[in-house]
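Here is the file coords.csv (CSV, C-alpha atoms and all ligand atoms).
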```csv
chain,number,residue,atom,x,y,z
L,1,MET,CA,0.9,-8.0,19.9
L,2,THR,CA,1.3,-7.8,16.2
L,3,ASP,CA,-0.8,-10.9,15.9
L,4,ALA,CA,-3.9,-8.8,16.8
L,5,ILE,CA,-3.4,-6.5,13.8
L,6,ARG,CA,-6.3,-6.9,11.3
L,7,PRO,CA,-4.9,-7.5,7.8
L,8,LEU,CA,-5.5,-5.0,5.0
L,9,ILE,CA,-5.7,-6.2,1.4
L,10,ALA,CA,-5.2,-3.1,-0.8
L,11,GLY,CA,-5.6,-3.2,-4.5
L,12,ASN,CA,-3.5,-0.7,-6.6
L,13,TRP,CA,-5.1,-0.6,-10.0
L,14,LYS,CA,-2.2,1.7,-11.3
L,15,MET,CA,-3.0,3.2,-14.7
L,16,ASN,CA,-5.7,0.6,-15.5
L,17,GLY,CA,-9.5,1.0,-15.5
L,18,LEU,CA,-12.2,2.6,-17.7
L,19,LYS,CA,-15.8,3.1,-16.7
L,20,ALA,CA,-16.6,-0.1,-18.6
L,21,GLN,CA,-14.5,-2.1,-16.2
L,22,ALA,CA,-16.4,-1.1,-13.2
L,23,ALA,CA,-18.1,-4.5,-13.2
L,24,GLU,CA,-15.1,-6.0,-11.5
L,25,PHE,CA,-15.4,-3.5,-8.7
L,26,ASP,CA,-19.2,-4.2,-8.5
L,27,ALA,CA,-18.3,-7.9,-8.0
L,28,MET,CA,-15.9,-7.0,-5.2
L,29,LEU,CA,-18.6,-5.1,-3.5
L,30,ASP,CA,-21.1,-7.9,-3.9
L,31,ARG,CA,-18.8,-10.6,-2.6
L,32,ALA,CA,-16.9,-8.6,0.1
L,33,ALA,CA,-18.9,-10.2,2.9
L,34,GLU,CA,-17.1,-13.5,2.1
L,35,VAL,CA,-13.8,-12.1,3.4
L,36,THR,CA,-14.7,-9.5,6.0
L,37,GLY,CA,-13.9,-12.0,8.7
L,38,LYS,CA,-10.4,-12.1,7.3
L,39,ALA,CA,-9.3,-8.6,6.3
L,40,ASP,CA,-10.2,-5.1,5.5
L,41,LEU,CA,-10.4,-4.3,1.7
L,42,LEU,CA,-9.3,-1.2,-0.1
L,43,VAL,CA,-9.3,-0.5,-3.8
L,44,CYS,CA,-7.2,2.3,-5.3
L,45,PRO,CA,-8.5,2.9,-8.8
L,46,PRO,CA,-7.1,5.6,-11.1
L,47,ALA,CA,-8.2,9.1,-9.9
L,48,THR,CA,-10.9,9.3,-12.7
L,49,LEU,CA,-12.8,6.4,-11.1
L,50,ILE,CA,-12.6,7.4,-7.4
L,51,ALA,CA,-15.8,9.3,-7.2
L,52,ALA,CA,-17.9,6.7,-9.0
L,53,PHE,CA,-16.4,3.8,-7.0
L,54,ALA,CA,-16.8,5.7,-3.7
L,55,ASP,CA,-20.5,6.3,-4.5
L,56,LYS,CA,-21.1,2.7,-5.2
L,57,ALA,CA,-19.1,1.6,-2.1
L,58,ARG,CA,-21.0,3.8,0.4
L,59,GLY,CA,-22.2,1.6,3.2
L,60,LYS,CA,-20.4,-1.4,1.8
L,61,LYS,CA,-17.3,-3.3,3.0
L,62,VAL,CA,-14.7,-2.0,0.5
L,63,ALA,CA,-13.0,1.3,1.0
L,64,VAL,CA,-11.7,3.4,-1.9
L,65,GLY,CA,-8.3,5.0,-2.0
L,66,ALA,CA,-6.0,7.0,-4.3
L,67,GLN,CA,-2.6,6.3,-5.8
L,68,ASP,CA,-0.8,9.6,-5.2
L,69,CYS,CA,-1.5,13.2,-4.2
L,70,HIS,CA,0.2,16.6,-4.4
L,71,PRO,CA,1.7,18.0,-1.2
L,72,LYS,CA,-0.3,21.2,-1.4
L,73,ALA,CA,-4.0,21.7,-0.8
L,74,SER,CA,-4.6,23.8,-3.8
L,75,GLY,CA,-2.9,26.2,-6.2
L,76,ALA,CA,-1.2,26.6,-9.6
L,77,HIS,CA,-0.1,23.0,-10.2
L,78,THR,CA,-1.5,22.0,-13.6
L,79,GLY,CA,-2.6,18.4,-13.8
L,80,ASP,CA,-2.0,17.6,-10.1
L,81,ILE,CA,-4.6,16.5,-7.6
L,82,ALA,CA,-4.6,17.6,-3.9
L,83,ALA,CA,-5.3,15.1,-1.2
L,84,GLU,CA,-8.3,17.3,-0.2
L,85,MET,CA,-9.8,16.7,-3.7
L,86,LEU,CA,-9.3,12.9,-3.4
L,87,VAL,CA,-11.0,12.9,0.0
L,88,ASP,CA,-13.7,15.1,-1.4
L,89,ALA,CA,-14.2,12.5,-4.2
L,90,GLY,CA,-14.5,9.7,-1.5
L,91,ALA,CA,-11.0,8.4,-1.0
L,92,SER,CA,-10.1,7.4,2.6
L,93,ALA,CA,-6.5,6.4,1.9
L,94,VAL,CA,-3.7,7.6,-0.4
L,95,ILE,CA,-0.7,5.5,-1.6
L,96,VAL,CA,2.4,7.6,-1.5
L,97,GLY,CA,6.0,6.9,-2.6
L,98,HIS,CA,5.2,3.9,-4.9
L,99,SER,CA,8.4,2.8,-6.6
L,100,GLU,CA,6.8,3.6,-10.0
L,101,ARG,CA,6.3,7.2,-8.9
L,102,ARG,CA,9.8,7.4,-7.3
L,103,ALA,CA,11.2,6.2,-10.6
L,104,ASP,CA,8.9,7.8,-13.2
L,105,HIS,CA,8.6,11.2,-11.4
L,106,CYS,CA,11.9,11.3,-9.5
L,107,GLU,CA,10.1,11.4,-6.1
L,108,ASP,CA,12.4,11.4,-3.2
L,109,ASP,CA,11.9,10.6,0.5
L,110,ALA,CA,11.4,14.3,1.4
L,111,LEU,CA,8.6,14.6,-1.1
L,112,VAL,CA,7.0,11.3,0.0
L,113,ARG,CA,7.0,12.7,3.6
L,114,GLN,CA,5.3,15.8,2.5
L,115,LYS,CA,2.7,13.8,0.6
L,116,THR,CA,2.1,11.7,3.7
L,117,GLU,CA,1.4,14.8,5.7
L,118,ALA,CA,-0.8,16.1,2.9
L,119,ALA,CA,-2.9,12.9,3.1
L,120,TRP,CA,-3.3,13.3,6.8
L,121,ARG,CA,-4.1,17.0,6.5
L,122,ALA,CA,-7.0,15.9,4.2
L,123,GLY,CA,-8.1,13.2,6.7
L,124,ALA,CA,-6.8,10.2,4.8
L,125,THR,CA,-4.6,7.3,5.8
L,126,ALA,CA,-1.2,7.3,4.0
L,127,ILE,CA,0.1,4.0,2.6
L,128,VAL,CA,3.9,4.7,2.4
L,129,CYS,CA,5.7,2.4,0.0
L,130,ILE,CA,9.4,1.4,0.3
L,131,GLY,CA,11.5,-1.1,-1.5
L,132,GLU,CA,14.9,-1.9,-2.9
L,133,THR,CA,15.8,-2.4,-6.6
L,134,GLN,CA,17.4,-5.5,-8.0
L,135,ALA,CA,20.8,-3.8,-8.2
L,136,GLN,CA,20.6,-2.6,-4.5
L,137,ARG,CA,19.6,-6.1,-3.5
L,138,ASP,CA,22.5,-7.7,-5.4
L,139,ALA,CA,24.9,-5.2,-3.7
L,140,GLY,CA,23.6,-6.4,-0.3
L,141,GLN,CA,22.1,-2.9,0.5
L,142,THR,CA,18.5,-3.9,1.1
L,143,LEU,CA,18.2,-3.1,4.8
L,144,GLU,CA,20.3,0.1,4.4
L,145,ILE,CA,18.0,1.3,1.6
L,146,LEU,CA,14.8,0.5,3.5
L,147,GLY,CA,16.1,2.1,6.7
L,148,GLY,CA,16.9,5.3,4.7
L,149,GLN,CA,13.5,5.3,3.0
L,150,LEU,CA,11.7,4.8,6.4
L,151,ALA,CA,13.8,7.4,8.1
L,152,GLY,CA,13.2,9.9,5.3
L,153,SER,CA,9.6,9.2,4.4
L,154,LEU,CA,7.8,8.8,7.7
L,155,PRO,CA,6.7,11.9,9.6
L,156,GLU,CA,7.1,12.1,13.4
L,157,SER,CA,3.4,12.0,14.0
L,158,SER,CA,2.8,8.6,12.4
L,159,THR,CA,0.3,6.5,14.2
L,160,ALA,CA,-1.3,3.1,13.7
L,161,ALA,CA,-4.4,4.9,12.5
L,162,ASN,CA,-2.9,7.2,10.0
L,163,LEU,CA,0.0,5.2,8.5
L,164,VAL,CA,0.4,1.9,6.7
L,165,VAL,CA,3.9,0.8,5.5
L,166,ALA,CA,4.0,-1.2,2.3
L,167,TYR,CA,7.2,-3.2,1.6
L,168,GLU,CA,7.4,-3.7,-2.2
L,169,PRO,CA,10.7,-5.0,-3.6
L,170,VAL,CA,11.0,-3.3,-7.0
L,171,TRP,CA,12.3,-6.4,-8.6
L,172,ALA,CA,9.2,-8.3,-7.5
L,173,ILE,CA,6.6,-5.9,-8.9
L,174,GLY,CA,4.9,-7.3,-12.0
L,175,THR,CA,7.6,-9.9,-12.5
L,176,GLY,CA,6.0,-13.0,-11.0
L,177,LEU,CA,9.1,-13.1,-8.7
L,178,THR,CA,8.7,-13.0,-4.9
L,179,PRO,CA,11.2,-13.1,-2.1
L,180,THR,CA,11.4,-16.2,0.0
L,181,THR,CA,9.2,-16.3,3.1
L,182,ARG,CA,12.5,-16.2,5.1
L,183,ASP,CA,13.5,-13.0,3.4
L,184,VAL,CA,10.1,-11.5,3.9
L,185,GLU,CA,10.2,-12.4,7.6
L,186,GLN,CA,13.6,-10.9,8.0
L,187,ILE,CA,12.7,-7.6,6.2
L,188,HIS,CA,9.3,-7.2,7.9
L,189,GLY,CA,11.0,-7.9,11.2
L,190,PHE,CA,13.5,-5.1,10.4
L,191,ILE,CA,10.7,-2.7,9.5
L,192,ARG,CA,8.8,-3.6,12.7
L,193,GLU,CA,12.0,-2.9,14.7
L,194,PHE,CA,12.3,0.5,13.0
L,195,LEU,CA,8.7,1.3,13.7
L,196,THR,CA,8.7,0.2,17.4
L,197,SER,CA,11.9,2.2,18.1
L,198,ARG,CA,10.8,5.3,16.3
L,199,PHE,CA,7.1,5.3,17.3
L,200,LYS,CA,7.1,4.1,20.8
L,201,ALA,CA,3.3,4.1,21.4
L,202,ASP,CA,2.1,2.7,18.1
L,203,GLY,CA,5.0,1.0,16.3
L,204,ALA,CA,4.0,-2.4,17.4
L,205,SER,CA,0.5,-2.1,16.0
L,206,MET,CA,1.1,-0.4,12.6
L,207,ARG,CA,0.3,-2.4,9.6
L,208,ILE,CA,3.1,-3.6,7.4
L,209,LEU,CA,1.9,-4.8,4.0
L,210,TYR,CA,3.9,-6.9,1.5
L,211,GLY,CA,3.6,-6.1,-2.2
L,212,GLY,CA,5.1,-7.6,-5.4
L,213,SER,CA,3.5,-10.4,-7.4
L,214,VAL,CA,1.0,-11.3,-4.8
L,215,LYS,CA,-1.5,-13.8,-6.3
L,216,PRO,CA,-4.1,-16.3,-5.0
L,217,SER,CA,-1.5,-19.1,-5.3
L,218,ASN,CA,1.1,-17.4,-3.0
L,219,ALA,CA,-1.1,-15.2,-0.8
L,220,ALA,CA,-1.6,-17.7,2.1
L,221,GLU,CA,2.1,-18.4,2.4
L,222,LEU,CA,3.1,-14.7,2.4
L,223,MET,CA,0.2,-13.6,4.6
L,224,ALA,CA,1.2,-16.2,7.3
L,225,VAL,CA,4.7,-14.6,7.7
L,226,LYS,CA,5.3,-12.8,11.0
L,227,ASN,CA,4.8,-9.1,10.7
L,228,VAL,CA,3.0,-9.3,7.4
L,229,ASN,CA,-0.3,-7.6,8.0
L,230,GLY,CA,-1.8,-7.7,4.6
L,231,ALA,CA,-0.9,-7.1,0.9
L,232,LEU,CA,-0.6,-4.3,-1.6
L,233,VAL,CA,-1.7,-6.0,-4.8
L,234,GLY,CA,-1.2,-4.7,-8.4
L,235,GLY,CA,-2.2,-6.9,-11.3
L,236,ALA,CA,-4.2,-9.5,-9.3
L,237,SER,CA,-6.4,-6.7,-7.8
L,238,LEU,CA,-8.0,-6.0,-11.2
L,239,LYS,CA,-10.1,-9.2,-11.1
L,240,ALA,CA,-12.6,-9.6,-8.3
L,241,ALA,CA,-12.1,-13.3,-8.0
L,242,ASP,CA,-8.3,-13.0,-7.6
L,243,PHE,CA,-8.5,-10.1,-5.2
L,244,LEU,CA,-11.0,-11.8,-3.0
L,245,ALA,CA,-9.0,-15.1,-3.1
L,246,ILE,CA,-6.0,-13.2,-1.9
L,247,ALA,CA,-8.0,-11.9,1.1
L,248,LYS,CA,-9.2,-15.4,1.8
L,249,GLY,CA,-5.6,-16.4,2.1
L,250,CYS,CA,-5.2,-14.2,5.2
L,251,PRO,CA,-4.7,-16.3,8.4
L,301,LIG,P1,2.0,-6.5,-8.8
L,301,LIG,O1,1.1,-7.2,-7.8
L,301,LIG,O2,1.3,-6.4,-10.2
L,301,LIG,O3,3.3,-7.2,-8.8
L,301,LIG,O4,2.2,-5.0,-8.3
L,301,LIG,C1,2.5,-4.7,-7.0
L,301,LIG,C2,2.4,-3.3,-6.8
L,301,LIG,O5,3.2,-2.5,-7.3
L,301,LIG,C3,1.3,-2.8,-6.0
L,301,LIG,O6,1.5,-1.5,-5.6
```
Encoded form using structure tokens:
Amino acid sequence: MTDAIRPLIAGNWKMNGLKAQAAEFDAMLDRAAEVTGKADLLVCPPATLIAAFADKARGKKVAVGAQDCHPKASGAHTGDIAAEMLVDAGASAVIVGHSERRADHCEDDALVRQKTEAAWRAGATAIVCIGETQAQRDAGQTLEILGGQLAGSLPESSTAANLVVAYEPVWAIGTGLTPTTRDVEQIHGFIREFLTSRFKADGASMRILYGGSVKPSNAAELMAVKNVNGALVGGASLKAADFLAIAKGCP
């Protein structure tokens, strides 16, 4: 069943990218055809570049997404951006609940759930991130933490079309460390069980991405693990060659 899920390779540029760096995105657009047999591609640049990237990507094989949204559609929220504005600029997906936002902006599961619903209200897919810290892992709490994040962050009306789950162990982000494939298989299996029991119709076909130090050199091994349906890539998504090489690693 899950074998039929088409992989998604999503790039999270985080707070990186000026207009002058758009050449890397241009190269991704030019070469996307090399990997469309393998995976769908999504690039989530900083909000300042979404409209320009979406304009370039029109009719091409790379979708453009955002890294966060406010739960409300409009209002007095200085500096925030509504999901409707992101979609208006050309985004088709929104990352919500990234561990950097959970840590830097004290975002909790209830807020992540509201942001997920905001993405849907605007017509975008939500990529909901979950992951344990090093301390939680050392304390043997990984599955308990992930189960709590899933239960608290995923709205009832999640479907395979509107939701992607991204498992990103916090200790693996930007560190060059990755879990063993055995650990990834166990954890993605746990997430799959959660999804199939909570969302009877669609749980088996929802995408579960792995994120945290994915690179061309480890992508094939990680993407071959059962219930890994693609990757959420940080640093390596800033270079077209690396991003496309990761997509080529999909089975
Ligand atoms: P890195 O690929 O740089 O480890 O970042 C992963 C991540 O946080 C993607 O959202």
I'd like the contact shell of segment 229-239 of chain L - 8 Å cut-off, all atoms listed in the file, skipping same-chain residues fewer than 6 positions apart - returned as a CSV table (one decimal) with C-alpha atoms, keeping the file's coordinate frame.
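Saved to part-v8.csv:
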```csv
chain,number,residue,atom,x,y,z
L,5,ILE,CA,-3.4,-6.5,13.8
L,6,ARG,CA,-6.3,-6.9,11.3
L,7,PRO,CA,-4.9,-7.5,7.8
L,8,LEU,CA,-5.5,-5.0,5.0
L,9,ILE,CA,-5.7,-6.2,1.4
L,10,ALA,CA,-5.2,-3.1,-0.8
L,11,GLY,CA,-5.6,-3.2,-4.5
L,12,ASN,CA,-3.5,-0.7,-6.6
L,13,TRP,CA,-5.1,-0.6,-10.0
L,14,LYS,CA,-2.2,1.7,-11.3
L,24,GLU,CA,-15.1,-6.0,-11.5
L,39,ALA,CA,-9.3,-8.6,6.3
L,43,VAL,CA,-9.3,-0.5,-3.8
L,166,ALA,CA,4.0,-1.2,2.3
L,173,ILE,CA,6.6,-5.9,-8.9
L,174,GLY,CA,4.9,-7.3,-12.0
L,207,ARG,CA,0.3,-2.4,9.6
L,208,ILE,CA,3.1,-3.6,7.4
L,209,LEU,CA,1.9,-4.8,4.0
L,210,TYR,CA,3.9,-6.9,1.5
L,211,GLY,CA,3.6,-6.1,-2.2
L,212,GLY,CA,5.1,-7.6,-5.4
L,213,SER,CA,3.5,-10.4,-7.4
L,214,VAL,CA,1.0,-11.3,-4.8
L,215,LYS,CA,-1.5,-13.8,-6.3
L,223,MET,CA,0.2,-13.6,4.6
L,250,CYS,CA,-5.2,-14.2,5.2
```
Against segment 123-142 of chain L, which residues of segment 78-100 of chain L fall within 6 Å? For each one I want the closest pair of atoms and the distance in Å (one decimal), counting all atoms listed in the file, rows by chain and increasing residue number, as a tab-separated table.
```
residue	atom	partner	partner_atom	distance
L:Ser92	CA	L:Ala124	CA	4.9
L:Ala93	CA	L:Thr125	CA	4.4
L:Val94	CA	L:Ala126	CA	5.1
L:Ile95	CA	L:Ile127	CA	4.5
L:Val96	CA	L:Val128	CA	5.1
L:Gly97	CA	L:Cys129	CA	5.2
L:His98	CA	L:Cys129	CA	5.1
```
Judged by all atoms listed in the file, the minimum distance to ligand LIG 301 (chain L) among L:His188, L:Lys200, L:Arg101, L:Lys226 is found for L:Arg101
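Restricting the calculation to all atoms listed in the file, the smallest distance between ligand LIG 301 (chain L) and any of L:Phe190, L:Tyr167, L:Trp120, L:Phe199 is found for L:Tyr167.
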Expressed in Å to a single decimal, how great is the separation between atom CA of Ala172 of chain L and atom CA of Cys69 of chain L?
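The value is 24.2 Å.
When the distance limit is 9 Å and only C-alpha atoms are what count, the residues near Asp108 of chain L, minus those fewer than 5 positions from it on the same chain, are Gly97, Arg102, Arg113, Gln149, Gly152 and Ser153 of chain L.
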Can you measure atom CA of Ile81 of chain L to atom CA of Ala54 of chain L for me? One decimal in Å is fine.
16.8 Å
Counting only C-alpha atoms, figure out which residue out of L:Ala151, L:Thr159, L:Ala220, L:Ala91 gets nearest to Ser205 of chain L.
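Ranked by minimum distance to Ser205 of chain L, first place goes to L:Thr159.
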